[in-house]
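Below: upload_28.pdb (PDB, C-alpha atoms and all ligand atoms)
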ATOM      1  CA  MET A  71       0.000   0.000   0.000  1.00  0.00           C
ATOM      2  CA  GLU A  72       1.323   3.419  -0.918  1.00  0.00           C
ATOM      3  CA  PHE A  73       0.676   6.134   1.672  1.00  0.00           C
ATOM      4  CA  PRO A  74       0.018   9.630   0.274  1.00  0.00           C
ATOM      5  CA  ILE A  75       2.350  10.983   2.962  1.00  0.00           C
ATOM      6  CA  ARG A  76       5.235   8.862   1.678  1.00  0.00           C
ATOM      7  CA  LYS A  77       6.222  11.224  -1.125  1.00  0.00           C
ATOM      8  CA  LYS A  78       6.510  14.206   1.252  1.00  0.00           C
ATOM      9  CA  LEU A  79       8.405  12.081   3.717  1.00  0.00           C
ATOM     10  CA  LYS A  80      10.914  10.986   1.089  1.00  0.00           C
ATOM     11  CA  SER A  81      11.428  14.535  -0.079  1.00  0.00           C
ATOM     12  CA  ILE A  82      12.097  15.734   3.507  1.00  0.00           C
ATOM     13  CA  LEU A  83      14.464  12.862   4.256  1.00  0.00           C
ATOM     14  CA  GLY A  84      16.281  13.213   0.938  1.00  0.00           C
ATOM     15  CA  ASN A  85      17.092  16.898   1.483  1.00  0.00           C
ATOM     16  CA  LYS A  86      20.830  16.680   2.044  1.00  0.00           C
ATOM     17  CA  ASP A  87      21.071  20.469   2.496  1.00  0.00           C
ATOM     18  CA  GLN A  88      19.586  19.971   5.979  1.00  0.00           C
ATOM     19  CA  PRO A  89      21.269  18.202   8.902  1.00  0.00           C
ATOM     20  CA  VAL A  90      19.713  14.826   9.755  1.00  0.00           C
ATOM     21  CA  ASP A  91      18.173  16.144  13.001  1.00  0.00           C
ATOM     22  CA  ALA A  92      16.450  18.980  11.141  1.00  0.00           C
ATOM     23  CA  ARG A  93      15.021  16.479   8.651  1.00  0.00           C
ATOM     24  CA  LEU A  94      13.774  14.267  11.486  1.00  0.00           C
ATOM     25  CA  GLU A  95      12.136  17.246  13.177  1.00  0.00           C
ATOM     26  CA  GLN A  96      10.337  18.024   9.914  1.00  0.00           C
ATOM     27  CA  VAL A  97       9.170  14.415   9.759  1.00  0.00           C
ATOM     28  CA  CYS A  98       7.706  14.815  13.270  1.00  0.00           C
ATOM     29  CA  LEU A  99       5.965  18.029  12.227  1.00  0.00           C
ATOM     30  CA  LEU A 100       4.622  16.411   9.045  1.00  0.00           C
ATOM     31  CA  LEU A 101       3.147  13.519  11.037  1.00  0.00           C
ATOM     32  CA  GLN A 102       1.754  15.828  13.711  1.00  0.00           C
ATOM     33  CA  LYS A 103      -0.011  17.901  11.039  1.00  0.00           C
ATOM     34  CA  SER A 104      -1.255  14.805   9.195  1.00  0.00           C
ATOM     35  CA  ASN A 105      -3.524  13.602  12.006  1.00  0.00           C
ATOM     36  CA  PRO A 106      -5.340  15.683  14.649  1.00  0.00           C
ATOM     37  CA  ALA A 107      -4.923  12.796  17.129  1.00  0.00           C
ATOM     38  CA  TYR A 108      -1.105  12.945  16.869  1.00  0.00           C
ATOM     39  CA  ASP A 109      -0.457  15.444  19.672  1.00  0.00           C
ATOM     40  CA  TRP A 110       3.216  14.686  20.343  1.00  0.00           C
ATOM     41  CA  VAL A 111       5.553  12.965  17.892  1.00  0.00           C
ATOM     42  CA  GLY A 112       9.175  12.230  18.683  1.00  0.00           C
ATOM     43  CA  PHE A 113      12.175   9.991  18.175  1.00  0.00           C
ATOM     44  CA  TYR A 114      14.216   8.351  20.911  1.00  0.00           C
ATOM     45  CA  PHE A 115      17.626   6.841  20.170  1.00  0.00           C
ATOM     46  CA  ALA A 116      19.312   4.049  22.107  1.00  0.00           C
ATOM     47  CA  ASP A 117      22.625   4.303  23.927  1.00  0.00           C
ATOM     48  CA  VAL A 118      23.233   0.560  24.054  1.00  0.00           C
ATOM     49  CA  GLU A 119      26.252   0.784  26.421  1.00  0.00           C
ATOM     50  CA  LYS A 120      24.293   2.772  29.009  1.00  0.00           C
ATOM     51  CA  LYS A 121      21.019   0.948  28.305  1.00  0.00           C
ATOM     52  CA  GLU A 122      19.221   4.275  27.922  1.00  0.00           C
ATOM     53  CA  LEU A 123      17.016   5.988  25.380  1.00  0.00           C
ATOM     54  CA  HIS A 124      17.780   9.611  24.576  1.00  0.00           C
ATOM     55  CA  LEU A 125      15.222  12.015  23.181  1.00  0.00           C
ATOM     56  CA  GLY A 126      15.900  13.103  19.625  1.00  0.00           C
ATOM     57  CA  PRO A 127      13.926  15.472  17.384  1.00  0.00           C
ATOM     58  CA  PHE A 128      10.261  15.902  18.291  1.00  0.00           C
ATOM     59  CA  ALA A 129       7.148  18.014  17.621  1.00  0.00           C
ATOM     60  CA  GLY A 130       4.833  19.023  20.447  1.00  0.00           C
ATOM     61  CA  ALA A 131       5.259  20.130  24.037  1.00  0.00           C
ATOM     62  CA  PRO A 132       8.741  19.784  25.545  1.00  0.00           C
ATOM     63  CA  THR A 133       9.064  16.750  27.827  1.00  0.00           C
ATOM     64  CA  ASP A 134      11.114  16.212  30.993  1.00  0.00           C
ATOM     65  CA  HIS A 135      11.734  12.638  29.892  1.00  0.00           C
ATOM     66  CA  THR A 136      14.794  13.195  27.759  1.00  0.00           C
ATOM     67  CA  VAL A 137      16.533  10.062  29.084  1.00  0.00           C
ATOM     68  CA  ILE A 138      14.613   6.806  29.666  1.00  0.00           C
ATOM     69  CA  PRO A 139      16.307   3.642  31.004  1.00  0.00           C
ATOM     70  CA  PHE A 140      15.712   0.446  29.004  1.00  0.00           C
ATOM     71  CA  GLY A 141      12.733  -1.382  30.547  1.00  0.00           C
ATOM     72  CA  LYS A 142      11.072   1.753  31.946  1.00  0.00           C
ATOM     73  CA  GLY A 143       7.823   3.046  30.510  1.00  0.00           C
ATOM     74  CA  ILE A 144       6.373   2.105  27.155  1.00  0.00           C
ATOM     75  CA  CYS A 145       9.473   3.371  25.366  1.00  0.00           C
ATOM     76  CA  GLY A 146      11.877   1.451  27.600  1.00  0.00           C
ATOM     77  CA  GLN A 147       9.875  -1.738  27.116  1.00  0.00           C
ATOM     78  CA  VAL A 148      10.059  -1.373  23.315  1.00  0.00           C
ATOM     79  CA  ALA A 149      13.836  -0.868  23.587  1.00  0.00           C
ATOM     80  CA  GLU A 150      13.938  -4.399  25.024  1.00  0.00           C
ATOM     81  CA  SER A 151      11.116  -6.149  23.111  1.00  0.00           C
ATOM     82  CA  SER A 152      11.775  -4.669  19.639  1.00  0.00           C
ATOM     83  CA  GLU A 153       8.037  -4.915  19.041  1.00  0.00           C
ATOM     84  CA  ASN A 154       5.378  -2.322  18.341  1.00  0.00           C
ATOM     85  CA  PHE A 155       3.509  -1.250  21.476  1.00  0.00           C
ATOM     86  CA  VAL A 156       0.009   0.207  21.083  1.00  0.00           C
ATOM     87  CA  VAL A 157      -1.525   1.544  24.299  1.00  0.00           C
ATOM     88  CA  PRO A 158      -5.272   2.310  24.012  1.00  0.00           C
ATOM     89  CA  ASP A 159      -5.484   3.587  27.611  1.00  0.00           C
ATOM     90  CA  VAL A 160      -2.313   4.797  29.316  1.00  0.00           C
ATOM     91  CA  GLU A 161      -4.017   4.720  32.732  1.00  0.00           C
ATOM     92  CA  ALA A 162      -4.332   0.941  32.454  1.00  0.00           C
ATOM     93  CA  GLN A 163      -0.525   0.555  32.178  1.00  0.00           C
ATOM     94  CA  ASP A 164       1.571  -0.050  35.307  1.00  0.00           C
ATOM     95  CA  ASN A 165       4.886   0.529  33.558  1.00  0.00           C
ATOM     96  CA  TYR A 166       4.175   3.898  32.015  1.00  0.00           C
ATOM     97  CA  ILE A 167       5.914   7.282  32.154  1.00  0.00           C
ATOM     98  CA  ALA A 168       3.454  10.167  31.896  1.00  0.00           C
ATOM     99  CA  CYS A 169       4.657  12.930  29.599  1.00  0.00           C
ATOM    100  CA  GLY A 170       1.586  15.106  30.086  1.00  0.00           C
ATOM    101  CA  ILE A 171      -1.642  14.928  32.056  1.00  0.00           C
ATOM    102  CA  ASP A 172      -3.718  15.151  28.869  1.00  0.00           C
ATOM    103  CA  VAL A 173      -2.228  12.031  27.252  1.00  0.00           C
ATOM    104  CA  ARG A 174      -4.740   9.170  26.899  1.00  0.00           C
ATOM    105  CA  SER A 175      -3.148   6.774  24.401  1.00  0.00           C
ATOM    106  CA  GLU A 176       0.242   6.106  22.883  1.00  0.00           C
ATOM    107  CA  ILE A 177       2.050   4.165  20.159  1.00  0.00           C
ATOM    108  CA  VAL A 178       5.735   3.265  20.029  1.00  0.00           C
ATOM    109  CA  VAL A 179       7.302   1.579  16.974  1.00  0.00           C
ATOM    110  CA  PRO A 180      10.944   0.452  16.993  1.00  0.00           C
ATOM    111  CA  LEU A 181      13.445   1.740  14.453  1.00  0.00           C
ATOM    112  CA  PHE A 182      15.836  -0.799  12.950  1.00  0.00           C
ATOM    113  CA  VAL A 183      19.094  -0.134  11.144  1.00  0.00           C
ATOM    114  CA  GLY A 184      20.784  -3.215   9.748  1.00  0.00           C
ATOM    115  CA  GLY A 185      18.496  -5.405  11.850  1.00  0.00           C
ATOM    116  CA  GLN A 186      19.464  -3.621  15.106  1.00  0.00           C
ATOM    117  CA  ASN A 187      16.880  -1.845  17.248  1.00  0.00           C
ATOM    118  CA  ILE A 188      18.530   1.584  17.463  1.00  0.00           C
ATOM    119  CA  GLY A 189      15.590   3.688  18.640  1.00  0.00           C
ATOM    120  CA  GLN A 190      11.938   4.311  18.107  1.00  0.00           C
ATOM    121  CA  ILE A 191       9.214   6.703  17.097  1.00  0.00           C
ATOM    122  CA  ASP A 192       6.730   7.608  19.823  1.00  0.00           C
ATOM    123  CA  ILE A 193       3.332   9.292  19.412  1.00  0.00           C
ATOM    124  CA  ASP A 194       1.144  10.487  22.289  1.00  0.00           C
ATOM    125  CA  SER A 195      -2.525  11.332  21.851  1.00  0.00           C
ATOM    126  CA  HIS A 196      -5.027  13.231  23.965  1.00  0.00           C
ATOM    127  CA  THR A 197      -7.684  11.012  22.339  1.00  0.00           C
ATOM    128  CA  PRO A 198      -8.400   7.647  24.004  1.00  0.00           C
ATOM    129  CA  ASP A 199      -7.653   4.573  21.853  1.00  0.00           C
ATOM    130  CA  ALA A 200      -6.320   6.725  19.019  1.00  0.00           C
ATOM    131  CA  PHE A 201      -4.035   4.140  17.384  1.00  0.00           C
ATOM    132  CA  GLY A 202      -4.602   1.026  15.306  1.00  0.00           C
ATOM    133  CA  GLU A 203      -3.020  -1.107  12.623  1.00  0.00           C
ATOM    134  CA  ALA A 204      -2.999   1.686  10.045  1.00  0.00           C
ATOM    135  CA  ASP A 205      -0.874   3.795  12.410  1.00  0.00           C
ATOM    136  CA  GLU A 206       1.475   0.858  12.987  1.00  0.00           C
ATOM    137  CA  ARG A 207       1.949   0.364   9.239  1.00  0.00           C
ATOM    138  CA  LEU A 208       2.462   4.108   8.700  1.00  0.00           C
ATOM    139  CA  LEU A 209       5.104   4.375  11.415  1.00  0.00           C
ATOM    140  CA  GLU A 210       6.873   1.212  10.247  1.00  0.00           C
ATOM    141  CA  MET A 211       7.088   2.809   6.802  1.00  0.00           C
ATOM    142  CA  VAL A 212       8.363   6.090   8.328  1.00  0.00           C
ATOM    143  CA  ASN A 213      11.043   4.258  10.306  1.00  0.00           C
ATOM    144  CA  PHE A 214      12.035   2.214   7.240  1.00  0.00           C
ATOM    145  CA  GLU A 215      12.623   5.450   5.295  1.00  0.00           C
ATOM    146  CA  VAL A 216      14.344   7.161   8.255  1.00  0.00           C
ATOM    147  CA  ALA A 217      16.715   4.205   8.670  1.00  0.00           C
ATOM    148  CA  LYS A 218      18.079   4.839   5.173  1.00  0.00           C
ATOM    149  CA  ILE A 219      19.584   8.199   6.204  1.00  0.00           C
ATOM    150  CA  LEU A 220      20.990   7.170   9.614  1.00  0.00           C
TER     151      LEU A 220
HETATM  152  N1  LIG B 301       5.067   7.760  27.744  1.00  0.00           N
HETATM  153  C1  LIG B 301       6.391   7.288  27.424  1.00  0.00           C
HETATM  154  C2  LIG B 301       7.443   8.299  27.796  1.00  0.00           C
HETATM  155  C3  LIG B 301       7.789   9.223  26.693  1.00  0.00           C
HETATM  156  S1  LIG B 301       6.693  10.510  26.520  1.00  0.00           S
HETATM  157  O1  LIG B 301       5.432   9.894  26.025  1.00  0.00           O
HETATM  158  C4  LIG B 301       7.225  11.630  25.443  1.00  0.00           C
HETATM  159  C5  LIG B 301       6.665   5.980  28.127  1.00  0.00           C
HETATM  160  O2  LIG B 301       5.865   5.522  28.934  1.00  0.00           O
HETATM  161  O3  LIG B 301       7.726   5.416  27.871  1.00  0.00           O
END
For this file, write the structure as structure tokens.
Amino acid sequence: MEFPIRKKLKSILGNKDQPVDARLEQVCLLLQKSNPAYDWVGFYFADVEKKELHLGPFAGAPTDHTVIPFGKGICGQVAESSENFVVPDVEAQDNYIACGIDVRSEIVVPLFVGGQNIGQIDIDSHTPDAFGEADERLLEMVNFEVAKIL
């Protein structure tokens, strides 16, 4: 399936006049604008030695959670599982790090480079149960394209 957003994404990512972080920030902004339920969109990248995730480019409100240990929160769990994590109701999760009181649901999709889980894309929504399979496929495609420039 070809996503209409894919062309824009490729043009942003292919713009070698911009540093990689600037391109990734534009990707976050593009996604945020593409769906009213995407309130916060950001990348975390793994420091494998320290077993930590570090916040990368993002769009939305600044977060205090710029460093997340592997295993902690939804993001930290995905760092270890390497599997998509869709959370319809964040309040039902024990191992969850709140990034804002308005957040109701979340999706985290791992980012692979050369088969290694090197980070993830994370989207928070103020809408309950905002994410489904279409969002998973979209974010897998985004990460696949992002991986090519990392
Ligand atoms: N909620 C995430 C933390 C990151 S913020 O959503 C930006 C978690 O539980 O890992």
Compile a residue-level contact table for chain A against ligand LIG 301 (chain B) at a cut-off of 10 Å, reporting for every qualifying residue the shortest atom pair and its distance in Å to one decimal, with all atoms listed in the file counted, rows ordered by chain and ascending number, as JSON lines.
{"residue": "A:Trp110", "atom": "CA", "partner": "B:LIG301", "partner_atom": "C4", "distance": 7.2}
{"residue": "A:Val111", "atom": "CA", "partner": "B:LIG301", "partner_atom": "C4", "distance": 7.8}
{"residue": "A:Gly112", "atom": "CA", "partner": "B:LIG301", "partner_atom": "C4", "distance": 7.1}
{"residue": "A:Phe113", "atom": "CA", "partner": "B:LIG301", "partner_atom": "C4", "distance": 8.9}
{"residue": "A:Tyr114", "atom": "CA", "partner": "B:LIG301", "partner_atom": "C3", "distance": 8.7}
{"residue": "A:Leu123", "atom": "CA", "partner": "B:LIG301", "partner_atom": "O3", "distance": 9.6}
{"residue": "A:Leu125", "atom": "CA", "partner": "B:LIG301", "partner_atom": "C4", "distance": 8.3}
{"residue": "A:Phe128", "atom": "CA", "partner": "B:LIG301", "partner_atom": "C4", "distance": 8.9}
{"residue": "A:Gly130", "atom": "CA", "partner": "B:LIG301", "partner_atom": "C4", "distance": 9.2}
{"residue": "A:Ala131", "atom": "CA", "partner": "B:LIG301", "partner_atom": "C4", "distance": 8.8}
{"residue": "A:Pro132", "atom": "CA", "partner": "B:LIG301", "partner_atom": "C4", "distance": 8.3}
{"residue": "A:Thr133", "atom": "CA", "partner": "B:LIG301", "partner_atom": "C4", "distance": 5.9}
{"residue": "A:Asp134", "atom": "CA", "partner": "B:LIG301", "partner_atom": "C4", "distance": 8.2}
{"residue": "A:His135", "atom": "CA", "partner": "B:LIG301", "partner_atom": "C3", "distance": 6.1}
{"residue": "A:Thr136", "atom": "CA", "partner": "B:LIG301", "partner_atom": "C4", "distance": 8.1}
{"residue": "A:Val137", "atom": "CA", "partner": "B:LIG301", "partner_atom": "C3", "distance": 9.1}
{"residue": "A:Ile138", "atom": "CA", "partner": "B:LIG301", "partner_atom": "O3", "distance": 7.3}
{"residue": "A:Pro139", "atom": "CA", "partner": "B:LIG301", "partner_atom": "O3", "distance": 9.3}
{"residue": "A:Phe140", "atom": "CA", "partner": "B:LIG301", "partner_atom": "O3", "distance": 9.5}
{"residue": "A:Gly141", "atom": "CA", "partner": "B:LIG301", "partner_atom": "O3", "distance": 8.9}
{"residue": "A:Lys142", "atom": "CA", "partner": "B:LIG301", "partner_atom": "O3", "distance": 6.4}
{"residue": "A:Gly143", "atom": "CA", "partner": "B:LIG301", "partner_atom": "O2", "distance": 3.5}
{"residue": "A:Ile144", "atom": "CA", "partner": "B:LIG301", "partner_atom": "O3", "distance": 3.6}
{"residue": "A:Cys145", "atom": "CA", "partner": "B:LIG301", "partner_atom": "O3", "distance": 3.7}
{"residue": "A:Gly146", "atom": "CA", "partner": "B:LIG301", "partner_atom": "O3", "distance": 5.7}
{"residue": "A:Gln147", "atom": "CA", "partner": "B:LIG301", "partner_atom": "O3", "distance": 7.5}
{"residue": "A:Val148", "atom": "CA", "partner": "B:LIG301", "partner_atom": "O3", "distance": 8.5}
{"residue": "A:Ala149", "atom": "CA", "partner": "B:LIG301", "partner_atom": "O3", "distance": 9.8}
{"residue": "A:Val157", "atom": "CA", "partner": "B:LIG301", "partner_atom": "O2", "distance": 9.6}
{"residue": "A:Val160", "atom": "CA", "partner": "B:LIG301", "partner_atom": "N1", "distance": 8.1}
{"residue": "A:Gln163", "atom": "CA", "partner": "B:LIG301", "partner_atom": "O2", "distance": 8.7}
{"residue": "A:Asp164", "atom": "CA", "partner": "B:LIG301", "partner_atom": "O2", "distance": 9.5}
{"residue": "A:Asn165", "atom": "CA", "partner": "B:LIG301", "partner_atom": "O2", "distance": 6.9}
{"residue": "A:Tyr166", "atom": "CA", "partner": "B:LIG301", "partner_atom": "O2", "distance": 3.9}
{"residue": "A:Ile167", "atom": "CA", "partner": "B:LIG301", "partner_atom": "O2", "distance": 3.7}
{"residue": "A:Ala168", "atom": "CA", "partner": "B:LIG301", "partner_atom": "N1", "distance": 5.1}
{"residue": "A:Cys169", "atom": "CA", "partner": "B:LIG301", "partner_atom": "S1", "distance": 4.4}
{"residue": "A:Gly170", "atom": "CA", "partner": "B:LIG301", "partner_atom": "O1", "distance": 7.6}
{"residue": "A:Val173", "atom": "CA", "partner": "B:LIG301", "partner_atom": "O1", "distance": 8.0}
{"residue": "A:Arg174", "atom": "CA", "partner": "B:LIG301", "partner_atom": "N1", "distance": 9.9}
{"residue": "A:Ser175", "atom": "CA", "partner": "B:LIG301", "partner_atom": "N1", "distance": 8.9}
{"residue": "A:Glu176", "atom": "CA", "partner": "B:LIG301", "partner_atom": "N1", "distance": 7.0}
{"residue": "A:Ile177", "atom": "CA", "partner": "B:LIG301", "partner_atom": "O1", "distance": 8.9}
{"residue": "A:Val178", "atom": "CA", "partner": "B:LIG301", "partner_atom": "O3", "distance": 8.4}
{"residue": "A:Ile191", "atom": "CA", "partner": "B:LIG301", "partner_atom": "C4", "distance": 9.9}
{"residue": "A:Asp192", "atom": "CA", "partner": "B:LIG301", "partner_atom": "O1", "distance": 6.7}
{"residue": "A:Ile193", "atom": "CA", "partner": "B:LIG301", "partner_atom": "O1", "distance": 7.0}
{"residue": "A:Asp194", "atom": "CA", "partner": "B:LIG301", "partner_atom": "O1", "distance": 5.7}
{"residue": "A:Ser195", "atom": "CA", "partner": "B:LIG301", "partner_atom": "O1", "distance": 9.1}
Produce a file of the selected residues containing C-alpha atoms, as a PDB file, in the frame of the given file.
ATOM      1  CA  TRP A 110       3.216  14.686  20.343  1.00  0.00           C
ATOM      2  CA  VAL A 111       5.553  12.965  17.892  1.00  0.00           C
ATOM      3  CA  GLY A 112       9.175  12.230  18.683  1.00  0.00           C
ATOM      4  CA  PHE A 113      12.175   9.991  18.175  1.00  0.00           C
ATOM      5  CA  TYR A 114      14.216   8.351  20.911  1.00  0.00           C
ATOM      6  CA  LEU A 123      17.016   5.988  25.380  1.00  0.00           C
ATOM      7  CA  LEU A 125      15.222  12.015  23.181  1.00  0.00           C
ATOM      8  CA  PHE A 128      10.261  15.902  18.291  1.00  0.00           C
ATOM      9  CA  GLY A 130       4.833  19.023  20.447  1.00  0.00           C
ATOM     10  CA  ALA A 131       5.259  20.130  24.037  1.00  0.00           C
ATOM     11  CA  PRO A 132       8.741  19.784  25.545  1.00  0.00           C
ATOM     12  CA  THR A 133       9.064  16.750  27.827  1.00  0.00           C
ATOM     13  CA  ASP A 134      11.114  16.212  30.993  1.00  0.00           C
ATOM     14  CA  HIS A 135      11.734  12.638  29.892  1.00  0.00           C
ATOM     15  CA  THR A 136      14.794  13.195  27.759  1.00  0.00           C
ATOM     16  CA  VAL A 137      16.533  10.062  29.084  1.00  0.00           C
ATOM     17  CA  ILE A 138      14.613   6.806  29.666  1.00  0.00           C
ATOM     18  CA  PRO A 139      16.307   3.642  31.004  1.00  0.00           C
ATOM     19  CA  PHE A 140      15.712   0.446  29.004  1.00  0.00           C
ATOM     20  CA  GLY A 141      12.733  -1.382  30.547  1.00  0.00           C
ATOM     21  CA  LYS A 142      11.072   1.753  31.946  1.00  0.00           C
ATOM     22  CA  GLY A 143       7.823   3.046  30.510  1.00  0.00           C
ATOM     23  CA  ILE A 144       6.373   2.105  27.155  1.00  0.00           C
ATOM     24  CA  CYS A 145       9.473   3.371  25.366  1.00  0.00           C
ATOM     25  CA  GLY A 146      11.877   1.451  27.600  1.00  0.00           C
ATOM     26  CA  GLN A 147       9.875  -1.738  27.116  1.00  0.00           C
ATOM     27  CA  VAL A 148      10.059  -1.373  23.315  1.00  0.00           C
ATOM     28  CA  ALA A 149      13.836  -0.868  23.587  1.00  0.00           C
ATOM     29  CA  VAL A 157      -1.525   1.544  24.299  1.00  0.00           C
ATOM     30  CA  VAL A 160      -2.313   4.797  29.316  1.00  0.00           C
ATOM     31  CA  GLN A 163      -0.525   0.555  32.178  1.00  0.00           C
ATOM     32  CA  ASP A 164       1.571  -0.050  35.307  1.00  0.00           C
ATOM     33  CA  ASN A 165       4.886   0.529  33.558  1.00  0.00           C
ATOM     34  CA  TYR A 166       4.175   3.898  32.015  1.00  0.00           C
ATOM     35  CA  ILE A 167       5.914   7.282  32.154  1.00  0.00           C
ATOM     36  CA  ALA A 168       3.454  10.167  31.896  1.00  0.00           C
ATOM     37  CA  CYS A 169       4.657  12.930  29.599  1.00  0.00           C
ATOM     38  CA  GLY A 170       1.586  15.106  30.086  1.00  0.00           C
ATOM     39  CA  VAL A 173      -2.228  12.031  27.252  1.00  0.00           C
ATOM     40  CA  ARG A 174      -4.740   9.170  26.899  1.00  0.00           C
ATOM     41  CA  SER A 175      -3.148   6.774  24.401  1.00  0.00           C
ATOM     42  CA  GLU A 176       0.242   6.106  22.883  1.00  0.00           C
ATOM     43  CA  ILE A 177       2.050   4.165  20.159  1.00  0.00           C
ATOM     44  CA  VAL A 178       5.735   3.265  20.029  1.00  0.00           C
ATOM     45  CA  ILE A 191       9.214   6.703  17.097  1.00  0.00           C
ATOM     46  CA  ASP A 192       6.730   7.608  19.823  1.00  0.00           C
ATOM     47  CA  ILE A 193       3.332   9.292  19.412  1.00  0.00           C
ATOM     48  CA  ASP A 194       1.144  10.487  22.289  1.00  0.00           C
ATOM     49  CA  SER A 195      -2.525  11.332  21.851  1.00  0.00           C
TER      50      SER A 195
END
Can you give me, as a list of chain:residue names, the residues this file yields under the PyMOL selection byres (((chain A and resi 75) around 10) and not hetatm)?
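Evaluating the PyMOL selection byres (((chain A and resi 75) around 10) and not hetatm) on this file yields A:Glu72, A:Phe73, A:Pro74, A:Arg76, A:Lys77, A:Lys78, A:Leu79, A:Lys80, A:Leu100, A:Leu101, A:Ser104, A:Leu208, A:Val212.
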Going by the chain IDs and residue numbers used in this file, which residues fall under the PyMOL selection byres (((chain A and resi 180) around 6) and not hetatm)? Write them as a list in words.
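The output of the PyMOL selection byres (((chain A and resi 180) around 6) and not hetatm) on this file is Ser152, Val179, Leu181, Gly189 and Gln190 of chain A.
For the atom pair formed by atom CA of A:Leu99 and atom CA of A:Ala129, the distance is 5.5 Å, given to one decimal.
Atom CA of A:Phe214 is found 20.3 Å from atom CA of A:Val118.
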Calculate, to one decimal in Å, the centre and edge lengths of the box along x, y and z of the file that holds all listed atoms of stretch 167-171 of chain A with 3 Å of margin on each side, and present them as JSON.
{"center_x": 2.1, "center_y": 11.2, "center_z": 30.9, "size_x": 13.6, "size_y": 13.8, "size_z": 8.6}
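Shortest atom-to-atom contact with A:Glu215 among A:Gly126, A:Asp87, A:Thr197, A:Arg93: A:Arg93, counting only C-alpha atoms.
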List the residues selected by the PyMOL selection byres (((chain A and resi 83) around 8) and not hetatm) in the file shown, writing them as an mmCIF file with C-alpha atoms, in the coordinates of the input.
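This went into out-v8.cif:
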data_model
loop_
_atom_site.group_PDB
_atom_site.id
_atom_site.type_symbol
_atom_site.label_atom_id
_atom_site.label_comp_id
_atom_site.auth_asym_id
_atom_site.auth_seq_id
_atom_site.Cartn_x
_atom_site.Cartn_y
_atom_site.Cartn_z
ATOM 1 C CA LEU A 79 8.405 12.081 3.717
ATOM 2 C CA LYS A 80 10.914 10.986 1.089
ATOM 3 C CA SER A 81 11.428 14.535 -0.079
ATOM 4 C CA ILE A 82 12.097 15.734 3.507
ATOM 5 C CA GLY A 84 16.281 13.213 0.938
ATOM 6 C CA ASN A 85 17.092 16.898 1.483
ATOM 7 C CA LYS A 86 20.830 16.680 2.044
ATOM 8 C CA VAL A 90 19.713 14.826 9.755
ATOM 9 C CA ARG A 93 15.021 16.479 8.651
ATOM 10 C CA LEU A 94 13.774 14.267 11.486
ATOM 11 C CA VAL A 97 9.170 14.415 9.759
ATOM 12 C CA GLU A 215 12.623 5.450 5.295
ATOM 13 C CA VAL A 216 14.344 7.161 8.255
ATOM 14 C CA ILE A 219 19.584 8.199 6.204
#
Rounded to one decimal, what separation in Å do you get between atom CA of A:Val156 and atom CA of A:Leu209?
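For atom CA of A:Val156 relative to atom CA of A:Leu209, the distance reads 11.7 Å.
The nearest approach to A:Pro106 among the residues A:Met211, A:Ala200, A:Val183, A:Leu220, with all atoms listed in the file taken into account, belongs to A:Ala200.
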Restore N, CA and C atoms in stretch 132-143 of chain A and list the result as an mmCIF file, in the coordinates of the input.
data_model
loop_
_atom_site.group_PDB
_atom_site.id
_atom_site.type_symbol
_atom_site.label_atom_id
_atom_site.label_comp_id
_atom_site.auth_asym_id
_atom_site.auth_seq_id
_atom_site.Cartn_x
_atom_site.Cartn_y
_atom_site.Cartn_z
ATOM 1 N N PRO A 132 7.494 20.342 25.008
ATOM 2 C CA PRO A 132 8.741 19.784 25.545
ATOM 3 C C PRO A 132 8.449 18.798 26.673
ATOM 4 N N THR A 133 9.262 17.757 26.782
ATOM 5 C CA THR A 133 9.064 16.750 27.827
ATOM 6 C C THR A 133 10.274 16.713 28.752
ATOM 7 N N ASP A 134 10.014 16.394 30.030
ATOM 8 C CA ASP A 134 11.114 16.212 30.993
ATOM 9 C C ASP A 134 11.843 14.898 30.746
ATOM 10 N N HIS A 135 11.189 13.993 30.012
ATOM 11 C CA HIS A 135 11.734 12.638 29.892
ATOM 12 C C HIS A 135 12.663 12.535 28.689
ATOM 13 N N THR A 136 13.824 13.177 28.854
ATOM 14 C CA THR A 136 14.794 13.195 27.759
ATOM 15 C C THR A 136 15.697 11.960 27.799
ATOM 16 N N VAL A 137 15.765 11.309 28.955
ATOM 17 C CA VAL A 137 16.533 10.062 29.084
ATOM 18 C C VAL A 137 15.630 9.035 29.763
ATOM 19 N N ILE A 138 15.483 7.865 29.127
ATOM 20 C CA ILE A 138 14.613 6.806 29.666
ATOM 21 C C ILE A 138 15.427 5.506 29.724
ATOM 22 N N PRO A 139 15.580 4.913 30.914
ATOM 23 C CA PRO A 139 16.307 3.642 31.004
ATOM 24 C C PRO A 139 15.562 2.528 30.249
ATOM 25 N N PHE A 140 16.328 1.623 29.630
ATOM 26 C CA PHE A 140 15.712 0.446 29.004
ATOM 27 C C PHE A 140 14.832 -0.240 30.059
ATOM 28 N N GLY A 141 13.642 -0.670 29.644
ATOM 29 C CA GLY A 141 12.733 -1.382 30.547
ATOM 30 C C GLY A 141 11.711 -0.480 31.221
ATOM 31 N N LYS A 142 11.996 0.832 31.262
ATOM 32 C CA LYS A 142 11.072 1.753 31.946
ATOM 33 C C LYS A 142 10.098 2.382 30.955
ATOM 34 N N GLY A 143 8.839 2.417 31.344
ATOM 35 C CA GLY A 143 7.823 3.046 30.510
ATOM 36 C C GLY A 143 7.565 2.240 29.239
#
